[in-house]
There are 2 protein chains.
Amino acid sequence: MGKKETRERIFQAALAIFSKKGYSATTTREIAAHAGVTEVTLFRHFGTKEYLFQEAILRFSPASILTDELDEKLTGDLHHDLKLLAKRYLTNAMENVEQIRIGVMEAPRNPELARAVCQIPIRLTSHLAAHLEEISKKGEMPEQNFKLKAQMFYNVLFQNVFSACTVPAIRFDFDEEEFIETLVSLFVNGLTGTEKDEV
Amino acid sequence: MGKKETRERIFQAALAIFSKKGYSATTTREIAAHAGVTEVTLFRHFGTKEYLFQEAILRFSPASILTDELDEKLTGDLHHDLKLLAKRYLTNAMENVEQIRIGVMEAPRNPELARAVCQIPIRLTSHLAAHLEEISKKGEMPEQNFKLKAQMFYNVLFQNVFSACTVPAIRFDFDEEEFIETLVSLFVNGLTGTEKDEV
DNA sequence: AATTAATGTTAGTGATTACTTACATACATT
DNA sequence: AATGTATGTAAGTAATCACTAACATTAATT
């Protein structure tokens with residue numbers, strides 16, 4: 001068995017158990033067993049439990065693939081663009097549910113992690129807000145609080161992902177397609193509607 | 001010092017630390033110190049760490065005060081009703097951020113807790129969905145997927161509360177009033193708008 | 001003054017934990 | 001055949017943890 005595969009197996013096991021139980025409740029013994037490896041091997045590879053944890057969260061997929069790389073695919077059509085963003089976000093998030101749960105759970109214990117976690121929604125919402133602003137300037141949408149609405153857009157998406165990985169029993173009792181379509185139409189109407197925000 | 005006050009101080013300390021660190025990372029020593037009490041006193045009051053934890057989460061405010069008790073105040077005016085629900089939800093949630101975080105974090109470890117936690121959003125969204133259905137029957141709103149949209153409404157609210165108590169640094173960098181107003185107008189337009197959900 | 005109830009102090013127990021040391025084994029490369 | 005590399009086995013260490021036992025102190029009640 002290659003060294004790399006062993007390392008990877010330990011890593012995947014760590015990810016799964018950290019995600020489920022949190023840092024302190026997870027034991028190196030359990031990770032090793034789950035990876036089909038001795039505890040000694042685990043420590044030979046990662047040195048300390050803390051270092052293994054750092055490795056795990058450093059795999060956080062950068063938010064850039066959810067913003068920069070998508071810019072060229074945005075058309076300016078509200079419905080199309082929102083749908084694209086929602087889909088891309090959901091796909092990406094579902095692939096990283098374990099890191100997401102770790103990030104959220106351990107953030108209060110780990111300031112460095114907290115900062116990294118915060119960056120993701122900030123980046124996503126300001127990206128969307130800027131795009132909405134652009135569309136609005138073309139006169140297809142009244143001026144409004146785009147930052148807040150962009151935040152709400154991602155709030156809905158994120159909350160859905162998070163509840164799915166917190167209580168897997170919930171999952172989607174509805175179609176993902178339907179979820180996205182409902183979300184998008186909600187926001188298309190919500191953004192182009194006539195009733196303005198009165199504060 | 002009365003026995004009750006001591007018990008209450010221990011309880012409050014437990015709530016705060018469990019919420020911040022999660023169950024396993026929290027030590028009885030720390031709780032006792034934070035409550036200004038000896039560890040022995042803590043055990044005299046609660047017996048075991050697990051029992052103290054159970055006590056803490058059993059204080060979960062029932063969702064009923066967010067549904068049943070509000071029914072009589074609902075007018076049938078969409079804007080008014082959504083605003084009322086959002087306000088009541090935010091007020092209540094902000095008073096119980098610690099229990100909320102504990103509930104979410106420890107749910108995967110504690111099936112009984114998970115079930116209790118799940119009930120809250122389920123109850124809230126089906127309550128709102130039923131109300132929207134009613135309004136719709138009066139002809140003021142097209143038929144649509146009310147359950148999903150009700151869920152999204154509370155998703156936005158909950159996510160905001162949860163991120164605030166996960167990374168307090170975020171907090172509201174905007175006015176709560178403005179947040180609610182923006183949310184409500186988003187959903188009023190989103191629900192009464194002309195573009196329907198195409199699946 | 002005597003009693004009682006709540007807490008403090010001190011010291012400890014056994015279990016678990018992260019992590020280590022020393023040595024053995026299996027396998028591939030040279 | 002010899003060597004190196006990745007892993008396993010066995011045993012153990014020091015620290016921490018939840019939790020307990022025995023006795024002392026304080027303050028209110030009787």
# chains A, B, ... in the order shown; residues from 1 in each chain; ligands from 1
>>> residues_around(residues="DA22 of chain D", least_positions_apart="3", cutoff="12 Å", atoms="only C-alpha atoms (C1' of nucleotides)", output="PyMOL selection string")
chain C and resi 9-12
>>> write_last_selection(atoms="N, CA and C atoms (P, O5', C5', C4', C3', O3' and C1' of nucleotides)", output="mmCIF file, in the first residue's frame")
data_model
loop_
_atom_site.group_PDB
_atom_site.id
_atom_site.type_symbol
_atom_site.label_atom_id
_atom_site.label_comp_id
_atom_site.auth_asym_id
_atom_site.auth_seq_id
_atom_site.Cartn_x
_atom_site.Cartn_y
_atom_site.Cartn_z
ATOM 1 P P DT C 9 -12.412 27.490 49.008
ATOM 2 O "O5'" DT C 9 -11.808 26.194 49.690
ATOM 3 C "C5'" DT C 9 -11.754 26.106 51.104
ATOM 4 C "C4'" DT C 9 -10.942 24.891 51.529
ATOM 5 C "C3'" DT C 9 -9.810 24.507 50.555
ATOM 6 O "O3'" DT C 9 -8.621 24.325 51.303
ATOM 7 C "C1'" DT C 9 -11.206 22.629 50.994
ATOM 8 P P DT C 10 -7.198 24.173 50.553
ATOM 9 O "O5'" DT C 10 -6.872 22.642 50.709
ATOM 10 C "C5'" DT C 10 -7.394 21.918 51.837
ATOM 11 C "C4'" DT C 10 -7.291 20.426 51.596
ATOM 12 C "C3'" DT C 10 -6.247 20.011 50.556
ATOM 13 O "O3'" DT C 10 -5.373 19.072 51.165
ATOM 14 C "C1'" DT C 10 -8.302 18.912 50.159
ATOM 15 P P DA C 11 -4.010 18.605 50.422
ATOM 16 O "O5'" DA C 11 -4.371 17.103 50.052
ATOM 17 C "C5'" DA C 11 -5.187 16.324 50.947
ATOM 18 C "C4'" DA C 11 -5.806 15.183 50.177
ATOM 19 C "C3'" DA C 11 -4.911 14.611 49.080
ATOM 20 O "O3'" DA C 11 -4.516 13.292 49.430
ATOM 21 C "C1'" DA C 11 -7.163 14.884 48.344
ATOM 22 P P DG C 12 -3.529 12.470 48.494
ATOM 23 O "O5'" DG C 12 -4.552 11.619 47.610
ATOM 24 C "C5'" DG C 12 -5.521 10.825 48.292
ATOM 25 C "C4'" DG C 12 -6.656 10.481 47.365
ATOM 26 C "C3'" DG C 12 -6.270 9.690 46.124
ATOM 27 O "O3'" DG C 12 -6.561 8.318 46.321
ATOM 28 C "C1'" DG C 12 -7.962 11.310 45.700
#
>>> interface_residues(of="chain D", to="chain B", cutoff="12 Å", atoms="only C-alpha atoms (C1' of nucleotides)", output="list in words")
DT16, DC17, DA18, DC19, DT20, DA21, DT26, DA27 and DA28 of chain D
>>> write_last_selection(atoms="C-alpha atoms (C1' of nucleotides)", output="PDB file, in the first residue's frame")
ATOM      1  C1'  DT D  16      -6.558  15.571  31.939  1.00  0.00           C
ATOM      2  C1'  DC D  17     -11.145  14.348  32.924  1.00  0.00           C
ATOM      3  C1'  DA D  18     -15.568  13.276  35.399  1.00  0.00           C
ATOM      4  C1'  DC D  19     -16.629  12.249  39.742  1.00  0.00           C
ATOM      5  C1'  DT D  20     -16.167  11.041  45.020  1.00  0.00           C
ATOM      6  C1'  DA D  21     -15.141  10.964  50.113  1.00  0.00           C
ATOM      7  C1'  DT D  26     -20.403  29.914  57.268  1.00  0.00           C
ATOM      8  C1'  DA D  27     -24.881  31.679  58.100  1.00  0.00           C
ATOM      9  C1'  DA D  28     -29.573  31.371  58.943  1.00  0.00           C
TER      10       DA D  28
END
>>> closest_residue(among="C:DT13, C:DT21, C:DA2, C:DG8", to="chain A", atoms="only C-alpha atoms (C1' of nucleotides)")
C:DT21
>>> residues_around(residues="Glu143 of chain B", least_positions_apart="2", cutoff="12 Å", atoms="only C-alpha atoms (C1' of nucleotides)", output="NGL selection string")
:B and (129 or 132-141 or 145-147 or 149 or 191-197)
>>> write_last_selection(atoms="C-alpha atoms", output="PDB file, in the first residue's frame")
ATOM      1  CA  ALA B 129     -47.256  27.949   4.611  1.00  0.00           C
ATOM      2  CA  LEU B 132     -50.023  31.907   2.919  1.00  0.00           C
ATOM      3  CA  GLU B 133     -52.363  29.316   1.498  1.00  0.00           C
ATOM      4  CA  GLU B 134     -55.257  31.031   3.205  1.00  0.00           C
ATOM      5  CA  ILE B 135     -54.339  34.435   1.868  1.00  0.00           C
ATOM      6  CA  SER B 136     -53.920  32.948  -1.564  1.00  0.00           C
ATOM      7  CA  LYS B 137     -57.436  31.525  -1.471  1.00  0.00           C
ATOM      8  CA  LYS B 138     -58.790  35.030  -1.061  1.00  0.00           C
ATOM      9  CA  GLY B 139     -57.363  35.648  -4.500  1.00  0.00           C
ATOM     10  CA  GLU B 140     -54.654  38.073  -3.488  1.00  0.00           C
ATOM     11  CA  MET B 141     -51.775  35.847  -4.494  1.00  0.00           C
ATOM     12  CA  ASN B 145     -45.097  26.301  -3.641  1.00  0.00           C
ATOM     13  CA  PHE B 146     -45.883  27.924  -0.319  1.00  0.00           C
ATOM     14  CA  LYS B 147     -44.122  25.335   1.768  1.00  0.00           C
ATOM     15  CA  LYS B 149     -41.148  29.674   0.175  1.00  0.00           C
ATOM     16  CA  LEU B 191     -44.923  35.962  -3.556  1.00  0.00           C
ATOM     17  CA  THR B 192     -47.204  38.308  -5.468  1.00  0.00           C
ATOM     18  CA  GLY B 193     -44.963  38.685  -8.523  1.00  0.00           C
ATOM     19  CA  THR B 194     -45.953  37.596 -11.992  1.00  0.00           C
ATOM     20  CA  GLU B 195     -43.130  35.262 -12.917  1.00  0.00           C
ATOM     21  CA  LYS B 196     -44.201  31.846 -11.820  1.00  0.00           C
ATOM     22  CA  ASP B 197     -42.115  28.852 -10.808  1.00  0.00           C
TER      23      ASP B 197
END
>>> closest_atom_pairs(of="chain B", to="chain A", cutoff="6 Å", atoms="only C-alpha atoms", output="Markdown table")
| residue | atom | partner | partner_atom | distance |
| --- | --- | --- | --- | --- |
| B:Ser24 | CA | A:Ala25 | CA | 5.4 |
| B:Ala25 | CA | A:Ser24 | CA | 5.4 |
| B:Met152 | CA | A:Val156 | CA | 5.7 |
| B:Asn155 | CA | A:Val156 | CA | 5.3 |
| B:Val156 | CA | A:Asn155 | CA | 5.2 |
| B:Gln159 | CA | A:Gln159 | CA | 5.9 |
| B:Glu178 | CA | A:Val199 | CA | 5.9 |
| B:Thr182 | CA | A:Asp197 | CA | 5.5 |
| B:Ser185 | CA | A:Asp197 | CA | 5.8 |
| B:Leu186 | CA | A:Gly190 | CA | 4.3 |
| B:Asn189 | CA | A:Gly190 | CA | 4.5 |
| B:Gly190 | CA | A:Gly190 | CA | 4.2 |
| B:Gly193 | CA | A:Asn189 | CA | 5.0 |
| B:Asp197 | CA | A:Thr182 | CA | 5.5 |
| B:Val199 | CA | A:Glu178 | CA | 5.9 |
>>> residues_around(residues="Glu8 of chain A", least_positions_apart="5", cutoff="12 Å", atoms="only C-alpha atoms (C1' of nucleotides)", output="VMD selection string")
chain A and resid 1 to 3 13 to 15 32 35 to 37 42 45 to 46 52 55 to 56
>>> write_last_selection(atoms="N, CA and C atoms", output="PDB file, in the first residue's frame")
ATOM      1  N   MET A   1       0.829  -1.206   0.000  1.00  0.00           N
ATOM      2  CA  MET A   1       0.000   0.000   0.000  1.00  0.00           C
ATOM      3  C   MET A   1       0.863   1.255   0.000  1.00  0.00           C
ATOM      4  N   GLY A   2       0.625   2.133  -0.905  1.00  0.00           N
ATOM      5  CA  GLY A   2       1.444   3.334  -1.039  1.00  0.00           C
ATOM      6  C   GLY A   2       1.290   4.266   0.151  1.00  0.00           C
ATOM      7  N   LYS A   3       2.290   5.046   0.370  1.00  0.00           N
ATOM      8  CA  LYS A   3       2.261   5.972   1.501  1.00  0.00           C
ATOM      9  C   LYS A   3       1.167   7.020   1.309  1.00  0.00           C
ATOM     10  N   ALA A  13     -10.844   9.891   6.768  1.00  0.00           N
ATOM     11  CA  ALA A  13     -11.475   9.458   8.009  1.00  0.00           C
ATOM     12  C   ALA A  13     -11.559  10.613   8.991  1.00  0.00           C
ATOM     13  N   ALA A  14     -10.475  11.370   9.086  1.00  0.00           N
ATOM     14  CA  ALA A  14     -10.449  12.522   9.991  1.00  0.00           C
ATOM     15  C   ALA A  14     -11.549  13.509   9.624  1.00  0.00           C
ATOM     16  N   LEU A  15     -11.639  13.785   8.358  1.00  0.00           N
ATOM     17  CA  LEU A  15     -12.646  14.719   7.866  1.00  0.00           C
ATOM     18  C   LEU A  15     -14.038  14.291   8.303  1.00  0.00           C
ATOM     19  N   ALA A  32      -7.955   6.529  13.353  1.00  0.00           N
ATOM     20  CA  ALA A  32      -7.074   5.468  12.851  1.00  0.00           C
ATOM     21  C   ALA A  32      -7.876   4.214  12.509  1.00  0.00           C
ATOM     22  N   ALA A  35      -9.815   4.501   9.454  1.00  0.00           N
ATOM     23  CA  ALA A  35      -8.972   4.512   8.258  1.00  0.00           C
ATOM     24  C   ALA A  35      -8.320   3.150   8.038  1.00  0.00           C
ATOM     25  N   GLY A  36      -8.553   2.226   8.945  1.00  0.00           N
ATOM     26  CA  GLY A  36      -7.951   0.899   8.826  1.00  0.00           C
ATOM     27  C   GLY A  36      -6.449   0.938   9.017  1.00  0.00           C
ATOM     28  N   VAL A  37      -6.009   1.665  10.023  1.00  0.00           N
ATOM     29  CA  VAL A  37      -4.591   1.964  10.216  1.00  0.00           C
ATOM     30  C   VAL A  37      -4.331   2.009  11.709  1.00  0.00           C
ATOM     31  N   LEU A  42      -0.874   6.898  12.143  1.00  0.00           N
ATOM     32  CA  LEU A  42      -1.487   8.229  12.081  1.00  0.00           C
ATOM     33  C   LEU A  42      -0.509   9.293  12.550  1.00  0.00           C
ATOM     34  N   HIS A  45       2.355  10.084  10.327  1.00  0.00           N
ATOM     35  CA  HIS A  45       2.006  10.903   9.174  1.00  0.00           C
ATOM     36  C   HIS A  45       1.750  12.356   9.536  1.00  0.00           C
ATOM     37  N   PHE A  46       1.069  12.575  10.635  1.00  0.00           N
ATOM     38  CA  PHE A  46       0.614  13.934  10.912  1.00  0.00           C
ATOM     39  C   PHE A  46       1.202  14.565  12.171  1.00  0.00           C
ATOM     40  N   LEU A  52      -3.254  17.453  12.089  1.00  0.00           N
ATOM     41  CA  LEU A  52      -4.174  16.724  11.213  1.00  0.00           C
ATOM     42  C   LEU A  52      -5.431  17.551  10.962  1.00  0.00           C
ATOM     43  N   GLU A  55      -4.694  20.413   8.592  1.00  0.00           N
ATOM     44  CA  GLU A  55      -4.647  19.883   7.219  1.00  0.00           C
ATOM     45  C   GLU A  55      -6.061  19.764   6.655  1.00  0.00           C
ATOM     46  N   ALA A  56      -6.945  19.241   7.510  1.00  0.00           N
ATOM     47  CA  ALA A  56      -8.309  19.000   7.047  1.00  0.00           C
ATOM     48  C   ALA A  56      -9.001  20.291   6.631  1.00  0.00           C
TER      49      ALA A  56
END
>>> interface_residues(of="chain C", to="chain A", cutoff="9 Å", atoms="only C-alpha atoms (C1' of nucleotides)", output="PDB file with N, CA and C atoms (P, O5', C5', C4', C3', O3' and C1' of nucleotides), in the first residue's frame")
ATOM      1  P    DT C  17     -10.935   8.120  24.891  1.00  0.00           P
ATOM      2  O5'  DT C  17      -9.764   9.172  24.743  1.00  0.00           O
ATOM      3  C5'  DT C  17      -9.894  10.504  25.277  1.00  0.00           C
ATOM      4  C4'  DT C  17      -8.550  11.187  25.272  1.00  0.00           C
ATOM      5  C3'  DT C  17      -7.740  10.893  24.013  1.00  0.00           C
ATOM      6  O3'  DT C  17      -7.809  12.009  23.154  1.00  0.00           O
ATOM      7  C1'  DT C  17      -6.401  10.763  26.018  1.00  0.00           C
ATOM      8  P    DA C  18      -7.280  11.809  21.644  1.00  0.00           P
ATOM      9  O5'  DA C  18      -5.839  12.451  21.664  1.00  0.00           O
ATOM     10  C5'  DA C  18      -5.660  13.778  22.143  1.00  0.00           C
ATOM     11  C4'  DA C  18      -4.189  14.016  22.446  1.00  0.00           C
ATOM     12  C3'  DA C  18      -3.251  13.868  21.236  1.00  0.00           C
ATOM     13  O3'  DA C  18      -2.278  14.909  21.291  1.00  0.00           O
ATOM     14  C1'  DA C  18      -2.612  12.364  22.945  1.00  0.00           C
ATOM     15  P    DC C  19      -1.321  15.073  20.054  1.00  0.00           P
ATOM     16  O5'  DC C  19      -0.127  14.082  20.405  1.00  0.00           O
ATOM     17  C5'  DC C  19       0.593  14.277  21.616  1.00  0.00           C
ATOM     18  C4'  DC C  19       1.514  13.105  21.862  1.00  0.00           C
ATOM     19  C3'  DC C  19       2.379  12.645  20.683  1.00  0.00           C
ATOM     20  O3'  DC C  19       3.720  13.031  20.917  1.00  0.00           O
ATOM     21  C1'  DC C  19       1.598  10.839  22.019  1.00  0.00           C
TER      22       DC C  19
END
>>> select_by_dssp(residues="segment 64-95 of chain B", states="alpha helix (DSSP H)", output="ChimeraX atom specification")
/B:78-95
>>> write_last_selection(atoms="C-alpha atoms", output="PDB file, in the first residue's frame")
ATOM      1  CA  LEU B  78     -49.060  40.007   3.576  1.00  0.00           C
ATOM      2  CA  HIS B  79     -46.673  42.801   4.403  1.00  0.00           C
ATOM      3  CA  HIS B  80     -47.988  43.236   7.896  1.00  0.00           C
ATOM      4  CA  ASP B  81     -48.036  39.550   8.698  1.00  0.00           C
ATOM      5  CA  LEU B  82     -44.581  38.742   7.389  1.00  0.00           C
ATOM      6  CA  LYS B  83     -43.162  41.648   9.299  1.00  0.00           C
ATOM      7  CA  LEU B  84     -44.845  40.495  12.470  1.00  0.00           C
ATOM      8  CA  LEU B  85     -43.544  36.957  12.097  1.00  0.00           C
ATOM      9  CA  ALA B  86     -40.022  38.070  11.270  1.00  0.00           C
ATOM     10  CA  LYS B  87     -39.877  40.431  14.222  1.00  0.00           C
ATOM     11  CA  ARG B  88     -41.220  37.928  16.663  1.00  0.00           C
ATOM     12  CA  TYR B  89     -38.859  35.267  15.411  1.00  0.00           C
ATOM     13  CA  LEU B  90     -35.767  37.468  15.618  1.00  0.00           C
ATOM     14  CA  THR B  91     -36.602  38.710  19.100  1.00  0.00           C
ATOM     15  CA  ASN B  92     -37.168  35.226  20.386  1.00  0.00           C
ATOM     16  CA  ALA B  93     -34.106  33.759  18.692  1.00  0.00           C
ATOM     17  CA  MET B  94     -31.788  36.474  19.933  1.00  0.00           C
ATOM     18  CA  GLU B  95     -32.847  35.709  23.474  1.00  0.00           C
TER      19      GLU B  95
END
>>> decode(residues="segment 4-27 of chain C", atoms="N, CA and C atoms (P, O5', C5', C4', C3', O3' and C1' of nucleotides)", output="tab-separated table (two decimals), in the first residue's frame")
chain	number	residue	atom	x	y	z
C	4	DT	P	-30.44	18.77	63.52
C	4	DT	O5'	-30.57	19.60	62.16
C	4	DT	C5'	-31.50	20.68	62.07
C	4	DT	C4'	-31.24	21.47	60.80
C	4	DT	C3'	-30.74	20.64	59.61
C	4	DT	O3'	-31.52	20.98	58.48
C	4	DT	C1'	-29.31	22.49	59.97
C	5	DA	P	-31.52	20.09	57.20
C	5	DA	O5'	-31.13	21.14	56.08
C	5	DA	C5'	-31.54	22.51	56.24
C	5	DA	C4'	-30.75	23.40	55.30
C	5	DA	C3'	-30.29	22.71	54.01
C	5	DA	O3'	-30.44	23.61	52.94
C	5	DA	C1'	-28.41	23.52	55.18
C	6	DA	P	-30.22	23.12	51.47
C	6	DA	O5'	-28.88	23.88	51.05
C	6	DA	C5'	-28.86	25.30	51.06
C	6	DA	C4'	-27.43	25.77	50.92
C	6	DA	C3'	-26.68	25.20	49.70
C	6	DA	O3'	-26.30	26.26	48.85
C	6	DA	C1'	-25.37	25.07	51.67
C	7	DT	P	-25.49	25.98	47.54
C	7	DT	O5'	-23.97	26.01	48.00
C	7	DT	C5'	-23.36	27.25	48.29
C	7	DT	C4'	-22.04	27.04	48.99
C	7	DT	C3'	-20.90	26.52	48.12
C	7	DT	O3'	-20.08	27.59	47.72
C	7	DT	C1'	-20.90	25.62	50.34
C	8	DG	P	-18.72	27.27	46.92
C	8	DG	O5'	-17.65	26.97	48.06
C	8	DG	C5'	-17.43	27.93	49.08
C	8	DG	C4'	-16.24	27.52	49.94
C	8	DG	C3'	-15.00	27.08	49.14
C	8	DG	O3'	-13.84	27.67	49.70
C	8	DG	C1'	-15.68	25.31	50.60
C	9	DT	P	-12.41	27.49	49.01
C	9	DT	O5'	-11.81	26.19	49.69
C	9	DT	C5'	-11.75	26.11	51.10
C	9	DT	C4'	-10.94	24.89	51.53
C	9	DT	C3'	-9.81	24.51	50.55
C	9	DT	O3'	-8.62	24.33	51.30
C	9	DT	C1'	-11.21	22.63	50.99
C	10	DT	P	-7.20	24.17	50.55
C	10	DT	O5'	-6.87	22.64	50.71
C	10	DT	C5'	-7.39	21.92	51.84
C	10	DT	C4'	-7.29	20.43	51.60
C	10	DT	C3'	-6.25	20.01	50.56
C	10	DT	O3'	-5.37	19.07	51.16
C	10	DT	C1'	-8.30	18.91	50.16
C	11	DA	P	-4.01	18.61	50.42
C	11	DA	O5'	-4.37	17.10	50.05
C	11	DA	C5'	-5.19	16.32	50.95
C	11	DA	C4'	-5.81	15.18	50.18
C	11	DA	C3'	-4.91	14.61	49.08
C	11	DA	O3'	-4.52	13.29	49.43
C	11	DA	C1'	-7.16	14.88	48.34
C	12	DG	P	-3.53	12.47	48.49
C	12	DG	O5'	-4.55	11.62	47.61
C	12	DG	C5'	-5.52	10.83	48.29
C	12	DG	C4'	-6.66	10.48	47.37
C	12	DG	C3'	-6.27	9.69	46.12
C	12	DG	O3'	-6.56	8.32	46.32
C	12	DG	C1'	-7.96	11.31	45.70
C	13	DT	P	-5.79	7.28	45.36
C	13	DT	O5'	-6.97	6.64	44.53
C	13	DT	C5'	-8.26	6.43	45.14
C	13	DT	C4'	-9.27	6.28	44.01
C	13	DT	C3'	-8.71	5.51	42.82
C	13	DT	O3'	-9.41	4.29	42.67
C	13	DT	C1'	-9.81	7.53	42.14
C	14	DG	P	-8.62	3.08	42.00
C	14	DG	O5'	-9.37	2.96	40.60
C	14	DG	C5'	-10.78	3.13	40.52
C	14	DG	C4'	-11.14	3.64	39.14
C	14	DG	C3'	-10.45	2.91	37.98
C	14	DG	O3'	-11.41	2.66	36.99
C	14	DG	C1'	-10.05	5.21	37.80
C	15	DA	P	-11.08	1.68	35.80
C	15	DA	O5'	-11.48	2.54	34.53
C	15	DA	C5'	-12.59	3.44	34.62
C	15	DA	C4'	-12.44	4.53	33.58
C	15	DA	C3'	-11.88	4.05	32.24
C	15	DA	O3'	-12.79	4.38	31.21
C	15	DA	C1'	-10.71	5.98	33.02
C	16	DT	P	-12.47	3.88	29.71
C	16	DT	O5'	-11.85	5.18	29.02
C	16	DT	C5'	-12.48	6.44	29.22
C	16	DT	C4'	-11.59	7.54	28.69
C	16	DT	C3'	-10.95	7.24	27.32
C	16	DT	O3'	-11.33	8.26	26.42
C	16	DT	C1'	-9.37	8.11	28.85
C	17	DT	P	-10.93	8.12	24.89
C	17	DT	O5'	-9.76	9.17	24.74
C	17	DT	C5'	-9.89	10.50	25.28
C	17	DT	C4'	-8.55	11.19	25.27
C	17	DT	C3'	-7.74	10.89	24.01
C	17	DT	O3'	-7.81	12.01	23.15
C	17	DT	C1'	-6.40	10.76	26.02
C	18	DA	P	-7.28	11.81	21.64
C	18	DA	O5'	-5.84	12.45	21.66
C	18	DA	C5'	-5.66	13.78	22.14
C	18	DA	C4'	-4.19	14.02	22.45
C	18	DA	C3'	-3.25	13.87	21.24
C	18	DA	O3'	-2.28	14.91	21.29
C	18	DA	C1'	-2.61	12.36	22.95
C	19	DC	P	-1.32	15.07	20.05
C	19	DC	O5'	-0.13	14.08	20.41
C	19	DC	C5'	0.59	14.28	21.62
C	19	DC	C4'	1.51	13.11	21.86
C	19	DC	C3'	2.38	12.65	20.68
C	19	DC	O3'	3.72	13.03	20.92
C	19	DC	C1'	1.60	10.84	22.02
C	20	DT	P	4.90	12.52	19.99
C	20	DT	O5'	5.46	11.29	20.80
C	20	DT	C5'	5.77	11.43	22.18
C	20	DT	C4'	6.53	10.21	22.69
C	20	DT	C3'	7.63	9.70	21.74
C	20	DT	O3'	8.84	9.62	22.48
C	20	DT	C1'	6.17	7.92	22.39
C	21	DT	P	10.24	9.37	21.69
C	21	DT	O5'	10.62	7.88	22.09
C	21	DT	C5'	10.30	7.39	23.40
C	21	DT	C4'	10.58	5.91	23.49
C	21	DT	C3'	11.66	5.38	22.54
C	21	DT	O3'	12.55	4.55	23.25
C	21	DT	C1'	9.66	4.15	22.25
C	22	DA	P	13.92	4.06	22.56
C	22	DA	O5'	13.56	2.54	22.29
C	22	DA	C5'	12.73	1.84	23.23
C	22	DA	C4'	12.50	0.43	22.72
C	22	DA	C3'	13.56	-0.07	21.72
C	22	DA	O3'	13.87	-1.43	21.99
C	22	DA	C1'	11.44	-0.14	20.72
C	23	DC	P	14.98	-2.18	21.08
C	23	DC	O5'	14.09	-3.21	20.24
C	23	DC	C5'	13.07	-3.96	20.92
C	23	DC	C4'	12.12	-4.56	19.90
C	23	DC	C3'	12.81	-5.29	18.73
C	23	DC	O3'	12.34	-6.62	18.65
C	23	DC	C1'	11.10	-3.87	17.97
C	24	DA	P	12.92	-7.58	17.52
C	24	DA	O5'	11.64	-7.87	16.61
C	24	DA	C5'	10.40	-8.24	17.25
C	24	DA	C4'	9.31	-8.29	16.20
C	24	DA	C3'	9.66	-9.10	14.95
C	24	DA	O3'	8.55	-9.89	14.56
C	24	DA	C1'	9.03	-6.92	14.35
C	25	DT	P	8.76	-10.99	13.42
C	25	DT	O5'	8.01	-10.35	12.17
C	25	DT	C5'	6.62	-10.03	12.26
C	25	DT	C4'	6.19	-9.27	11.02
C	25	DT	C3'	6.54	-9.96	9.69
C	25	DT	O3'	5.39	-10.01	8.90
C	25	DT	C1'	7.16	-7.70	9.64
C	26	DA	P	5.20	-11.25	7.85
C	26	DA	O5'	4.74	-10.48	6.55
C	26	DA	C5'	3.87	-9.35	6.66
C	26	DA	C4'	4.18	-8.37	5.55
C	26	DA	C3'	4.56	-9.03	4.22
C	26	DA	O3'	3.63	-8.61	3.24
C	26	DA	C1'	6.06	-7.27	4.79
C	27	DC	P	3.66	-9.31	1.76
C	27	DC	O5'	4.39	-8.16	0.90
C	27	DC	C5'	4.08	-6.78	1.17
C	27	DC	C4'	5.08	-5.89	0.46
C	27	DC	C3'	5.58	-6.45	-0.89
C	27	DC	O3'	5.51	-5.44	-1.85
C	27	DC	C1'	7.38	-5.76	0.45
